[in-house]
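Visitor: Mind having a look at this structure? Questions to follow.
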Protein chains: 2
Amino acid sequence: MQKPSIPKGTRDFSPAEMARRNYIFDTIREVFRLYGFAQIETPAMENLSTLMGKYGEEGDKLLFKILNSGNYLAGVAPSLFDETAVNRLTPYLAEKGLRYDLTVPFARYVVQHRADIQFPFRRFQIQPVWRADRPQKGRYREFYQCDADVIGSDSLLSEVELLQLIDEVFRRLGIRIAIKLNNRKVLAGIAELIGAPDKMIDITVAIDKIDKIGIDKVNEELVDRGLSAESIAALQPILAISGTTAERLDRLESLLASSETGSAGVAELRAVVAPSLALGLDAELDLDVSLARGLNYYTGTIIEVKALDYAIGSITGGGRYDNLTGVFGMPGVSGVGISFGADRIYDVMTGLALFPAGLGATSRVMMANLGPAESAAALALVKTLRAAGISCEIYPDAVKLKRQMNYANNAGIPYVAIIGDKELADGTVTLKDMTAGEQQTVAAADLASLLA
Amino acid sequence: MQKPSIPKGTRDFSPAEMARRNYIFDTIREVFRLYGFAQIETPAMENLSTLMGKYGEEGDKLLFKILNSGNYLAGVAPSLFDETAVNRLTPYLAEKGLRYDLTVPFARYVVQHRADIQFPFRRFQIQPVWRADRPQKGRYREFYQCDADVIGSDSLLSEVELLQLIDEVFRRLGIRIAIKLNNRKVLAGIAELIGAPDKMIDITVAIDKIDKIGIDKVNEELVDRGLSAESIAALQPILAISGTTAERLDRLESLLASSETGSAGVAELRAVVAPSLALGLDAELDLDVSLARGLNYYTGTIIEVKALDYAIGSITGGGRYDNLTGVFGMPGVSGVGISFGADRIYDVMTGLALFPAGLGATSRVMMANLGPAESAAALALVKTLRAAGISCEIYPDAVKLKRQMNYANNAGIPYVAIIGDKELADGTVTLKDMTAGEQQTVAAADLASLLA
């Protein structure tokens with residue numbers, strides 16, 4: 001028989017991995033709650049009519065579609081069975097798909113439950129999403145997203161709050177970060193300024209790569225993308241902006257002074273940066289005009305977080321959007337959101353050895369099992385320990401003590417408690433510290449307070 | 001545009017519902033950990049080769065299957081496009097399915113990761129499962145299971161531990177329960193005793209309904225199922241057993257004395273019941289020879305939990321099995337497990353009003369927003385409150401105070417803190433208790449300790 005396996009791009013999580021993942025999720029969840037965000041959950045399956053067309057043509061292909069139940073061929077014309085035009089058949093075979101992200105289900109949720117929602121709505125959602133992407137290192141077909149959004153308000157205070165929240169999460173996790181900030185209106189202003197307002201996407205796609213490929217290659221790409229030599233020349237002072245965040249903002253303001261949109265973008269950046277600096281952040285706060293993440297979606301602030309001490313893509317991102325729910329017929333819902341990339345955060349924390357020690361162990365103490373009378377006493381003691389909030393277990397079988405000790409050792413259980421004949425007669429228990437290798441015999445009644 | 005919706009049988013969970021659901025999940029998770037169970041997670045999608053044939057023919061139909069990605073028709077013979085034989089085509093269109101329960105994925109996990117697992121393995125798993133069942137009241141196509149199993153040991157101490165665990169979970173939730181116990185070997189012994197060893201399934205299917213339809217209808221059904229008058233007569237004293245659990249065990253022991261299997265079952269029940277009564281349970285512990293849950297799977301102890309004060313099906317169930325992983329080529333893995341039914345527990349707690357008050361609110365206090373200078377002070381205060389662990393938020397827009405108060409009121413936020421001109425000048429804050437309707441003005445520096 002073949003050893004069973006799981007679909008490529010998916011993962012099992014062992015107890016040790018779960019402990020580390022929960023450490024990350026619990027930290028994010030706790031901070032979300034501390035910031036007044038309320039949790040929702042949506043179903044794994046959405047109607048394909050909800051999902052299709054929301055992620056571009058490429059995204060539609062990456063949706064996992066659920067084969068209709070029952071006789072899914074009933075009434076389907078045989079002419080549709082055409083392997084050269086499979087997309088014509090698909091809508092007949094599948095009405096539902098797995099969610100691709102948390103944003104579209106959230107937009108759908110808001111429209112569907114609008115009457116019950118208090119706006120501004122501060123929601124968070126931590127659930128898996130599925131994408132039929134080609135699996136590769138660090139890219140999975142099932143992975144969690146951790147999103148927080150404030151919708152129903154244009155106030156830039158929400159951005160200020162989200163930057164504080166990001167700072168708090170990574171402070172708690174012990175990851176040193178830089179928060180990069182930009183604004184879609186600044187990008188539009190730049191395109192306007194250099195005389196290529198219709199080329200904003202081309203410009204941003206190209207300059208987004210400046211960190212990776214350098215300014216010369218970016219300029220070559222701009223030529224390829226049809227930018228004139230004059231435009232490219234006009235762009236250079238903007239790309240060359242340097243200094244502190246305050247200095248960059250001043251310089252950008254003067255460069256974009258002639259563009260109304262650009263100036264509005266700079267003003268928005270100031271309204272986010274100034275209170276953030278006043279409140280204080282552990283994170284570096286970097287103005288980065290080359291940041292263009294999710295451009296077809298964001299309309300104001302753009303946020304991206306990079307780990308300072310570990311080479312990996314962005315570990316959190318987000319931004320402001322004008323029209324979350326328009327596609328579902330509910331216009332005018334603006335908001336701002338962020339999404340933590342749990343898998344990459346996991347990789348950073350593993351790479352930098354940031355997980356606290358002892359995360360893996362479930363039981364703090366294992367009661368050994370030396371036979372029926374001894375295990376009856378052990379069971380009673382276990383009950384006392386649990387009542388005191390101490391995680392513990394009793395070894396179920398009265399096998400050789402060495403085997404029981406091996407189990408405890410391999411499972412990372414820090415203490416083993418033994419009740420043998422002598423302890424049973426004396427009302428004591430022998431407690432072995434598995435790390436130090438030391439042992440002591442104590443009154444059974446004192447064990448809970450000793451381990452507390 | 002049509003208002004968007006979700007697939008039938010699936011649900012959105014609002015913040016208020018999530019708070020209540022988390023209360024249940026957190027309680028179960030905490031007790032699982034207290035009992036030394038270690039968490040695993042498996043992917044939502046499994047290979048259909050893992051899932052098919054594990055839940056009977058009916059179960060295979062209820063699996064949600066994932067349409068293969070890309071050109072799923074490539075190389076598929078057109079003759080397979082036959083709506084009278086859709087099952088022939090399905091394996092070509094779908095290689096993956098959504099998990100139907102947590103047991104088969106767990107068995108697959110154990111086989112796949114056997115080299116890394118410490119046995120006995122105490123694992124818990126809390127994840128959604130999907131079934132293409134016809135939706136009806138209380139039956140969903142996506143729902144959570146909360147499972148704990150001890151595998152790799154035959155010891156009945158595991159049963160004792162699981163009964164303690166069940167008792168603790170429902171004690172914490174405030175639900176009064178009866179735990180019903182039976183043993184597959186007792187059922188086999190009964191069939192043997194009444195001279196119908198090959199009719200065990202028929203007998204148990206019929207007597208399982210005794211609470212619903214009464215003894216007379218059960219006897220009629222036994223006739224229909226081909227039991228002889230002698231067999232049915234011999235069965236009556238067993239079905240008539242009454243008294244305390246100890247009395248029932250004694251009576252059952254003498255009735256089944258001639259059956260080796262039946263006697264073994266009684267002995268196992270004693271080994272579970274005696275220590276449980278010695279340790280003490282809040283729950284009623286009822287021996288119930290008509291309990292036949294999951295008979296094709298369980299080989300020893302059978303466990304079912306009923307709420308005492310609310311009419312609903314079983315809210316937890318479980319039992320012992322001999323061969324978890326044989327189907328994946330790894331024989332001899334026995335164990336015992338239980339599964340909490342979170343949705344039914346939710347219904348019981350709602351019906352009996354058992355959820356603690358104030359579960360829904362996210363923020364403990366909302367800072368009102370009266371303008372730029374005031375909100376800057378409010379932001380700083382919010383930071384202090386959060387540093388003290390107090391969940392809070394600032395209203396993002398400087399709209400009319402009445403609207404802000406309405407929001408806080410509707411969101412269930414118990415306090416609103418206001419910084420206006422006067423408070424700004426004085427370094428104070430006015431705190432309004434939204435429940436009592438009272439307000440007081442305090443030094444801003446004292447707010448955190450006041451709300452702590």
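Here, A, B, ... name the chains of the structure tokens in the order displayed, residue numbers run from 1 inside each chain, and ligands are numbered from 1 in the same displayed order.
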Where does DSSP see helix (DSSP H, G or I) in region 146-284 of chain A, if you list the residues as an mmCIF file with N, CA and C atoms, in the first residue's frame?
Guide:
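To be explicit, this is the file written out as selection05.cif:
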data_model
loop_
_atom_site.group_PDB
_atom_site.id
_atom_site.type_symbol
_atom_site.label_atom_id
_atom_site.label_comp_id
_atom_site.auth_asym_id
_atom_site.auth_seq_id
_atom_site.Cartn_x
_atom_site.Cartn_y
_atom_site.Cartn_z
ATOM 1 N N LEU A 157 -6.777 59.039 10.934
ATOM 2 C CA LEU A 157 -6.497 58.495 12.267
ATOM 3 C C LEU A 157 -6.454 56.979 12.233
ATOM 4 N N SER A 158 -7.240 56.397 11.334
ATOM 5 C CA SER A 158 -7.238 54.929 11.232
ATOM 6 C C SER A 158 -5.869 54.429 10.797
ATOM 7 N N GLU A 159 -5.248 55.153 9.844
ATOM 8 C CA GLU A 159 -3.892 54.776 9.433
ATOM 9 C C GLU A 159 -2.933 54.878 10.629
ATOM 10 N N VAL A 160 -3.082 55.974 11.386
ATOM 11 C CA VAL A 160 -2.206 56.175 12.546
ATOM 12 C C VAL A 160 -2.366 55.004 13.516
ATOM 13 N N GLU A 161 -3.613 54.618 13.749
ATOM 14 C CA GLU A 161 -3.894 53.487 14.641
ATOM 15 C C GLU A 161 -3.288 52.187 14.106
ATOM 16 N N LEU A 162 -3.425 51.970 12.801
ATOM 17 C CA LEU A 162 -2.911 50.717 12.231
ATOM 18 C C LEU A 162 -1.385 50.661 12.297
ATOM 19 N N LEU A 163 -0.727 51.815 12.126
ATOM 20 C CA LEU A 163 0.739 51.805 12.252
ATOM 21 C C LEU A 163 1.145 51.493 13.690
ATOM 22 N N GLN A 164 0.413 52.035 14.656
ATOM 23 C CA GLN A 164 0.676 51.709 16.060
ATOM 24 C C GLN A 164 0.469 50.206 16.299
ATOM 25 N N LEU A 165 -0.594 49.692 15.685
ATOM 26 C CA LEU A 165 -0.919 48.272 15.854
ATOM 27 C C LEU A 165 0.192 47.385 15.274
ATOM 28 N N ILE A 166 0.645 47.730 14.074
ATOM 29 C CA ILE A 166 1.733 46.974 13.442
ATOM 30 C C ILE A 166 2.963 46.997 14.345
ATOM 31 N N ASP A 167 3.266 48.186 14.840
ATOM 32 C CA ASP A 167 4.425 48.357 15.712
ATOM 33 C C ASP A 167 4.311 47.453 16.941
ATOM 34 N N GLU A 168 3.122 47.422 17.527
ATOM 35 C CA GLU A 168 2.900 46.642 18.747
ATOM 36 C C GLU A 168 3.046 45.140 18.484
ATOM 37 N N VAL A 169 2.463 44.684 17.365
ATOM 38 C CA VAL A 169 2.564 43.249 17.045
ATOM 39 C C VAL A 169 4.029 42.835 16.925
ATOM 40 N N PHE A 170 4.814 43.598 16.155
ATOM 41 C CA PHE A 170 6.195 43.173 15.931
ATOM 42 C C PHE A 170 7.075 43.423 17.152
ATOM 43 N N ARG A 171 6.714 44.421 17.963
ATOM 44 C CA ARG A 171 7.424 44.608 19.231
ATOM 45 C C ARG A 171 7.240 43.368 20.100
ATOM 46 N N ARG A 172 5.980 42.897 20.176
ATOM 47 C CA ARG A 172 5.701 41.708 20.988
ATOM 48 C C ARG A 172 6.391 40.461 20.448
ATOM 49 N N LEU A 173 6.462 40.360 19.116
ATOM 50 C CA LEU A 173 7.097 39.181 18.519
ATOM 51 C C LEU A 173 8.623 39.279 18.557
ATOM 52 N N ARG A 184 -0.988 56.500 -3.018
ATOM 53 C CA ARG A 184 -1.354 56.394 -4.425
ATOM 54 C C ARG A 184 -1.414 57.764 -5.099
ATOM 55 N N LYS A 185 -1.866 58.782 -4.374
ATOM 56 C CA LYS A 185 -1.977 60.129 -4.968
ATOM 57 C C LYS A 185 -0.600 60.717 -5.275
ATOM 58 N N VAL A 186 0.405 60.323 -4.483
ATOM 59 C CA VAL A 186 1.768 60.754 -4.779
ATOM 60 C C VAL A 186 2.222 60.130 -6.092
ATOM 61 N N LEU A 187 1.902 58.853 -6.279
ATOM 62 C CA LEU A 187 2.276 58.177 -7.522
ATOM 63 C C LEU A 187 1.584 58.810 -8.721
ATOM 64 N N ALA A 188 0.285 59.155 -8.536
ATOM 65 C CA ALA A 188 -0.444 59.823 -9.620
ATOM 66 C C ALA A 188 0.166 61.194 -9.884
ATOM 67 N N GLY A 189 0.548 61.889 -8.820
ATOM 68 C CA GLY A 189 1.172 63.216 -8.955
ATOM 69 C C GLY A 189 2.485 63.140 -9.698
ATOM 70 N N ILE A 190 3.263 62.115 -9.404
ATOM 71 C CA ILE A 190 4.547 61.942 -10.094
ATOM 72 C C ILE A 190 4.313 61.744 -11.589
ATOM 73 N N ALA A 191 3.360 60.884 -11.938
ATOM 74 C CA ALA A 191 3.059 60.622 -13.349
ATOM 75 C C ALA A 191 2.617 61.921 -14.040
ATOM 76 N N GLU A 192 1.827 62.674 -13.329
ATOM 77 C CA GLU A 192 1.347 63.959 -13.857
ATOM 78 C C GLU A 192 2.528 64.912 -14.070
ATOM 79 N N LEU A 193 3.351 65.031 -13.014
ATOM 80 C CA LEU A 193 4.482 65.957 -13.020
ATOM 81 C C LEU A 193 5.426 65.705 -14.189
ATOM 82 N N PRO A 197 0.665 61.277 -17.338
ATOM 83 C CA PRO A 197 -0.391 60.891 -16.393
ATOM 84 C C PRO A 197 -1.029 59.551 -16.737
ATOM 85 N N ASP A 198 -1.046 59.172 -18.008
ATOM 86 C CA ASP A 198 -1.651 57.891 -18.400
ATOM 87 C C ASP A 198 -0.704 56.717 -18.202
ATOM 88 N N LYS A 199 0.521 57.019 -17.787
ATOM 89 C CA LYS A 199 1.522 55.948 -17.646
ATOM 90 C C LYS A 199 1.796 55.613 -16.171
ATOM 91 N N MET A 200 0.879 55.999 -15.287
ATOM 92 C CA MET A 200 1.156 55.802 -13.867
ATOM 93 C C MET A 200 1.483 54.350 -13.537
ATOM 94 N N ILE A 201 0.691 53.421 -14.107
ATOM 95 C CA ILE A 201 0.913 52.007 -13.800
ATOM 96 C C ILE A 201 2.300 51.572 -14.284
ATOM 97 N N ASP A 202 2.621 51.965 -15.529
ATOM 98 C CA ASP A 202 3.933 51.590 -16.062
ATOM 99 C C ASP A 202 5.061 52.138 -15.193
ATOM 100 N N ILE A 203 4.908 53.381 -14.804
ATOM 101 C CA ILE A 203 5.961 53.996 -13.987
ATOM 102 C C ILE A 203 6.107 53.260 -12.658
ATOM 103 N N THR A 204 4.973 53.012 -12.013
ATOM 104 C CA THR A 204 5.059 52.410 -10.677
ATOM 105 C C THR A 204 5.536 50.964 -10.738
ATOM 106 N N VAL A 205 5.087 50.231 -11.754
ATOM 107 C CA VAL A 205 5.567 48.849 -11.884
ATOM 108 C C VAL A 205 7.082 48.847 -12.037
ATOM 109 N N ALA A 206 7.593 49.792 -12.796
ATOM 110 C CA ALA A 206 9.037 49.842 -13.020
ATOM 111 C C ALA A 206 9.775 50.305 -11.757
ATOM 112 N N ILE A 207 9.330 51.405 -11.145
ATOM 113 C CA ILE A 207 10.123 51.933 -10.028
ATOM 114 C C ILE A 207 9.970 51.080 -8.764
ATOM 115 N N ILE A 210 13.110 49.140 -7.927
ATOM 116 C CA ILE A 210 14.381 49.871 -7.818
ATOM 117 C C ILE A 210 15.328 49.237 -6.807
ATOM 118 N N ASP A 211 14.775 48.712 -5.709
ATOM 119 C CA ASP A 211 15.630 48.079 -4.694
ATOM 120 C C ASP A 211 16.287 46.817 -5.238
ATOM 121 N N LYS A 212 15.560 46.125 -6.105
ATOM 122 C CA LYS A 212 16.066 44.846 -6.612
ATOM 123 C C LYS A 212 17.046 45.019 -7.767
ATOM 124 N N ILE A 213 16.681 45.911 -8.731
ATOM 125 C CA ILE A 213 17.466 45.941 -9.974
ATOM 126 C C ILE A 213 18.257 47.237 -10.158
ATOM 127 N N GLY A 214 18.030 48.228 -9.316
ATOM 128 C CA GLY A 214 18.805 49.468 -9.411
ATOM 129 C C GLY A 214 18.213 50.458 -10.393
ATOM 130 N N ILE A 215 18.651 51.705 -10.277
ATOM 131 C CA ILE A 215 18.053 52.806 -11.032
ATOM 132 C C ILE A 215 18.271 52.678 -12.542
ATOM 133 N N ASP A 216 19.443 52.163 -12.940
ATOM 134 C CA ASP A 216 19.718 52.088 -14.383
ATOM 135 C C ASP A 216 18.758 51.144 -15.087
ATOM 136 N N LYS A 217 18.570 49.968 -14.486
ATOM 137 C CA LYS A 217 17.646 48.998 -15.088
ATOM 138 C C LYS A 217 16.215 49.543 -15.076
ATOM 139 N N VAL A 218 15.866 50.274 -13.999
ATOM 140 C CA VAL A 218 14.526 50.858 -13.934
ATOM 141 C C VAL A 218 14.349 51.823 -15.107
ATOM 142 N N ASN A 219 15.362 52.646 -15.344
ATOM 143 C CA ASN A 219 15.257 53.606 -16.446
ATOM 144 C C ASN A 219 15.149 52.903 -17.795
ATOM 145 N N GLU A 220 15.893 51.792 -17.953
ATOM 146 C CA GLU A 220 15.764 51.013 -19.199
ATOM 147 C C GLU A 220 14.337 50.503 -19.372
ATOM 148 N N GLU A 221 13.788 50.003 -18.246
ATOM 149 C CA GLU A 221 12.430 49.469 -18.327
ATOM 150 C C GLU A 221 11.426 50.574 -18.669
ATOM 151 N N LEU A 222 11.689 51.782 -18.145
ATOM 152 C CA LEU A 222 10.783 52.898 -18.434
ATOM 153 C C LEU A 222 10.815 53.236 -19.924
ATOM 154 N N VAL A 223 11.999 53.141 -20.526
ATOM 155 C CA VAL A 223 12.108 53.342 -21.976
ATOM 156 C C VAL A 223 11.257 52.287 -22.688
ATOM 157 N N ASP A 224 11.458 51.028 -22.282
ATOM 158 C CA ASP A 224 10.693 49.929 -22.898
ATOM 159 C C ASP A 224 9.196 50.145 -22.751
ATOM 160 N N ALA A 229 12.209 60.371 -23.016
ATOM 161 C CA ALA A 229 13.455 60.731 -22.339
ATOM 162 C C ALA A 229 13.217 61.890 -21.380
ATOM 163 N N GLU A 230 12.371 62.843 -21.773
ATOM 164 C CA GLU A 230 12.072 63.995 -20.906
ATOM 165 C C GLU A 230 11.403 63.527 -19.613
ATOM 166 N N SER A 231 10.420 62.634 -19.764
ATOM 167 C CA SER A 231 9.721 62.128 -18.579
ATOM 168 C C SER A 231 10.695 61.429 -17.645
ATOM 169 N N ILE A 232 11.535 60.586 -18.231
ATOM 170 C CA ILE A 232 12.480 59.832 -17.403
ATOM 171 C C ILE A 232 13.451 60.780 -16.710
ATOM 172 N N ALA A 233 13.879 61.799 -17.414
ATOM 173 C CA ALA A 233 14.769 62.795 -16.801
ATOM 174 C C ALA A 233 14.051 63.506 -15.652
ATOM 175 N N ALA A 234 12.774 63.851 -15.866
ATOM 176 C CA ALA A 234 12.013 64.562 -14.830
ATOM 177 C C ALA A 234 11.772 63.701 -13.593
ATOM 178 N N LEU A 235 11.826 62.401 -13.821
ATOM 179 C CA LEU A 235 11.569 61.485 -12.713
ATOM 180 C C LEU A 235 12.767 61.368 -11.769
ATOM 181 N N GLN A 236 13.971 61.600 -12.299
ATOM 182 C CA GLN A 236 15.184 61.307 -11.535
ATOM 183 C C GLN A 236 15.274 62.035 -10.186
ATOM 184 N N PRO A 237 14.966 63.336 -10.135
ATOM 185 C CA PRO A 237 15.068 64.007 -8.824
ATOM 186 C C PRO A 237 14.146 63.379 -7.774
ATOM 187 N N ILE A 238 13.006 62.864 -8.248
ATOM 188 C CA ILE A 238 12.073 62.262 -7.296
ATOM 189 C C ILE A 238 12.647 60.965 -6.754
ATOM 190 N N LEU A 239 13.211 60.157 -7.665
ATOM 191 C CA LEU A 239 13.788 58.889 -7.219
ATOM 192 C C LEU A 239 15.030 59.113 -6.366
ATOM 193 N N THR A 245 12.653 61.036 7.122
ATOM 194 C CA THR A 245 11.280 61.045 6.617
ATOM 195 C C THR A 245 10.750 62.473 6.503
ATOM 196 N N ALA A 246 11.061 63.308 7.479
ATOM 197 C CA ALA A 246 10.608 64.704 7.441
ATOM 198 C C ALA A 246 11.234 65.437 6.253
ATOM 199 N N GLU A 247 12.519 65.217 6.041
ATOM 200 C CA GLU A 247 13.200 65.862 4.913
ATOM 201 C C GLU A 247 12.632 65.375 3.577
ATOM 202 N N ARG A 248 12.380 64.076 3.490
ATOM 203 C CA ARG A 248 11.823 63.521 2.249
ATOM 204 C C ARG A 248 10.454 64.121 1.950
ATOM 205 N N LEU A 249 9.650 64.265 3.010
ATOM 206 C CA LEU A 249 8.316 64.830 2.829
ATOM 207 C C LEU A 249 8.412 66.270 2.315
ATOM 208 N N ASP A 250 9.335 67.062 2.908
ATOM 209 C CA ASP A 250 9.513 68.451 2.469
ATOM 210 C C ASP A 250 9.921 68.508 1.002
ATOM 211 N N ARG A 251 10.868 67.672 0.661
ATOM 212 C CA ARG A 251 11.392 67.663 -0.713
ATOM 213 C C ARG A 251 10.295 67.223 -1.690
ATOM 214 N N LEU A 252 9.580 66.197 -1.311
ATOM 215 C CA LEU A 252 8.503 65.698 -2.166
ATOM 216 C C LEU A 252 7.428 66.760 -2.328
ATOM 217 N N GLU A 253 7.143 67.463 -1.249
ATOM 218 C CA GLU A 253 6.119 68.508 -1.304
ATOM 219 C C GLU A 253 6.505 69.576 -2.315
ATOM 220 N N SER A 254 7.761 69.994 -2.269
ATOM 221 C CA SER A 254 8.142 71.053 -3.205
ATOM 222 C C SER A 254 8.193 70.526 -4.635
ATOM 223 N N LEU A 255 8.663 69.290 -4.826
ATOM 224 C CA LEU A 255 8.709 68.740 -6.186
ATOM 225 C C LEU A 255 7.308 68.578 -6.776
ATOM 226 N N GLU A 260 -1.991 68.982 -8.090
ATOM 227 C CA GLU A 260 -2.969 69.020 -7.010
ATOM 228 C C GLU A 260 -3.075 67.646 -6.334
ATOM 229 N N THR A 261 -3.155 66.622 -7.167
ATOM 230 C CA THR A 261 -3.265 65.263 -6.631
ATOM 231 C C THR A 261 -2.032 64.907 -5.815
ATOM 232 N N GLY A 262 -0.870 65.202 -6.396
ATOM 233 C CA GLY A 262 0.369 64.893 -5.700
ATOM 234 C C GLY A 262 0.450 65.614 -4.366
ATOM 235 N N SER A 263 0.051 66.887 -4.351
ATOM 236 C CA SER A 263 0.101 67.658 -3.100
ATOM 237 C C SER A 263 -0.847 67.073 -2.059
ATOM 238 N N ALA A 264 -2.017 66.633 -2.531
ATOM 239 C CA ALA A 264 -2.966 66.003 -1.600
ATOM 240 C C ALA A 264 -2.360 64.735 -1.008
ATOM 241 N N GLY A 265 -1.646 63.991 -1.841
ATOM 242 C CA GLY A 265 -0.991 62.771 -1.357
ATOM 243 C C GLY A 265 0.053 63.087 -0.300
ATOM 244 N N VAL A 266 0.843 64.142 -0.545
ATOM 245 C CA VAL A 266 1.859 64.526 0.440
ATOM 246 C C VAL A 266 1.184 64.950 1.744
ATOM 247 N N ALA A 267 0.083 65.697 1.637
ATOM 248 C CA ALA A 267 -0.626 66.144 2.841
ATOM 249 C C ALA A 267 -1.144 64.935 3.638
ATOM 250 N N GLU A 268 -1.648 63.937 2.917
ATOM 251 C CA GLU A 268 -2.129 62.734 3.613
ATOM 252 C C GLU A 268 -0.984 62.014 4.315
ATOM 253 N N LEU A 269 0.142 61.921 3.626
ATOM 254 C CA LEU A 269 1.302 61.280 4.248
ATOM 255 C C LEU A 269 1.705 62.023 5.520
ATOM 256 N N ARG A 270 1.684 63.360 5.456
ATOM 257 C CA ARG A 270 2.024 64.161 6.644
ATOM 258 C C ARG A 270 1.048 63.874 7.787
ATOM 259 N N ALA A 271 -0.227 63.755 7.447
ATOM 260 C CA ALA A 271 -1.251 63.538 8.476
ATOM 261 C C ALA A 271 -1.115 62.159 9.127
ATOM 262 N N VAL A 272 -0.428 61.249 8.435
ATOM 263 C CA VAL A 272 -0.177 59.934 9.025
ATOM 264 C C VAL A 272 1.155 59.937 9.775
ATOM 265 N N VAL A 273 2.143 60.558 9.153
ATOM 266 C CA VAL A 273 3.499 60.498 9.717
ATOM 267 C C VAL A 273 3.623 61.320 10.999
ATOM 268 N N ALA A 274 3.070 62.542 10.999
ATOM 269 C CA ALA A 274 3.294 63.449 12.140
ATOM 270 C C ALA A 274 2.780 62.850 13.460
ATOM 271 N N PRO A 275 1.516 62.415 13.547
ATOM 272 C CA PRO A 275 1.069 61.829 14.819
ATOM 273 C C PRO A 275 1.802 60.529 15.160
ATOM 274 N N SER A 276 2.210 59.776 14.122
ATOM 275 C CA SER A 276 2.927 58.531 14.386
ATOM 276 C C SER A 276 4.261 58.826 15.058
ATOM 277 N N LEU A 277 4.946 59.847 14.555
ATOM 278 C CA LEU A 277 6.230 60.190 15.168
ATOM 279 C C LEU A 277 6.013 60.779 16.561
ATOM 280 N N ALA A 278 4.921 61.553 16.714
ATOM 281 C CA ALA A 278 4.634 62.134 18.030
ATOM 282 C C ALA A 278 4.335 61.039 19.050
ATOM 283 N N LEU A 279 3.564 60.043 18.650
ATOM 284 C CA LEU A 279 3.224 58.948 19.568
ATOM 285 C C LEU A 279 4.420 58.041 19.812
#
Visitor: Leaving out Lys306 (chain B) and any residue of its chain fewer than 6 positions from it, which residues lie within 12 Å of it when counting only C-alpha atoms, given as an MDAnalysis selection string?
Guide: chainID B and resid 166:167 170 175:181 283:286 291 312:317 340:341 344:345 348
Visitor: Residues near region 67-72 of chain B, anyone? I mean within 9 Å using only C-alpha atoms, not counting same-chain ones fewer than 3 positions away, as a PyMOL selection string.
Guide: (chain A and resi 61-67+83-87+90+93-94+132) or (chain B and resi 75-76+92-97)
Visitor: Can you pull out the residues contacting Gly351 (chain B)? Cut-off 10 Å, using only C-alpha atoms, and skip same-chain residues under 6 positions away; I want them as a VMD selection string.
Guide: chain B and resid 309 to 311 345
Visitor: For Phe37 (chain A), list every protein, DNA or RNA residue within 10 Å, evaluated using only C-alpha atoms, and leave out those in the same chain fewer than 3 positions away; present the list as a PyMOL selection string.
Guide: (chain A and resi 29-34+40+121-125+148-150) or (chain B and resi 15+361-363+391-393)
Visitor: Write out as a list in words which residues come within 6 Å of Asn183 (chain B) when counting only C-alpha atoms, dropping same-chain ones fewer than 5 positions away.
Guide: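 Answer for this query is Gly265, Gly300, Thr301 and Ile302 of chain B.
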Visitor: Let's have the selection written as an mmCIF file, in the first residue's frame, with C-alpha atoms.
Guide:
data_model
loop_
_atom_site.group_PDB
_atom_site.id
_atom_site.type_symbol
_atom_site.label_atom_id
_atom_site.label_comp_id
_atom_site.auth_asym_id
_atom_site.auth_seq_id
_atom_site.Cartn_x
_atom_site.Cartn_y
_atom_site.Cartn_z
ATOM 1 C CA GLY B 265 -17.186 -5.889 27.891
ATOM 2 C CA GLY B 300 -14.718 -1.172 22.956
ATOM 3 C CA THR B 301 -16.034 1.714 25.021
ATOM 4 C CA ILE B 302 -18.828 3.812 23.504
#
Visitor: From the list A:Lys422, A:Arg386, A:Lys54, A:Arg403, which residue is nearest Leu324 (chain A) when using only C-alpha atoms?
Guide: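 Among the listed residues, the smallest separation from Leu324 (chain A) belongs to A:Lys54.
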Visitor: Name the closest residue to chain A among the candidates B:Tyr23, B:Tyr297, B:Tyr100, B:Phe119; distances are taken between atoms, counting only C-alpha atoms.
Guide: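 Selected residue with least distance to chain A: B:Phe119.
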Visitor: Skip Asn22 (chain B) itself and residues of its chain fewer than 6 positions away, then list as a list in words all residues within 12 Å of it, counting only C-alpha atoms.
Guide: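 Returned residues: Gln39, Ile40 and Glu41 of chain A; Phe13, Ser14, Pro15, Ala16, Ile28, Arg29, Glu30, Ile126, Tyr144, Ala342, Asp343, Tyr346, Phe355, Leu359 and Gly360 of chain B.
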Visitor: Could you pull out the strand (DSSP E) residues of region 209-333 of chain B from DSSP and send them as a ChimeraX atom specification?
Guide: /B:284-287,301-307,316-321
Visitor: Restricting the calculation to only C-alpha atoms: of A:Ser155, A:Asp12, A:Phe25, A:Trp130, which residue gets closest to Val110 (chain B)?
Guide: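 The answer is A:Asp12, which sits nearest to Val110 (chain B).
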Visitor: Quote the spacing between CA of Ala19 (chain B) and CA of Ala38 (chain A) in Å to one decimal place.
Guide: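 We find that CA of Ala19 (chain B) and CA of Ala38 (chain A) lie 8.7 Å from each other.
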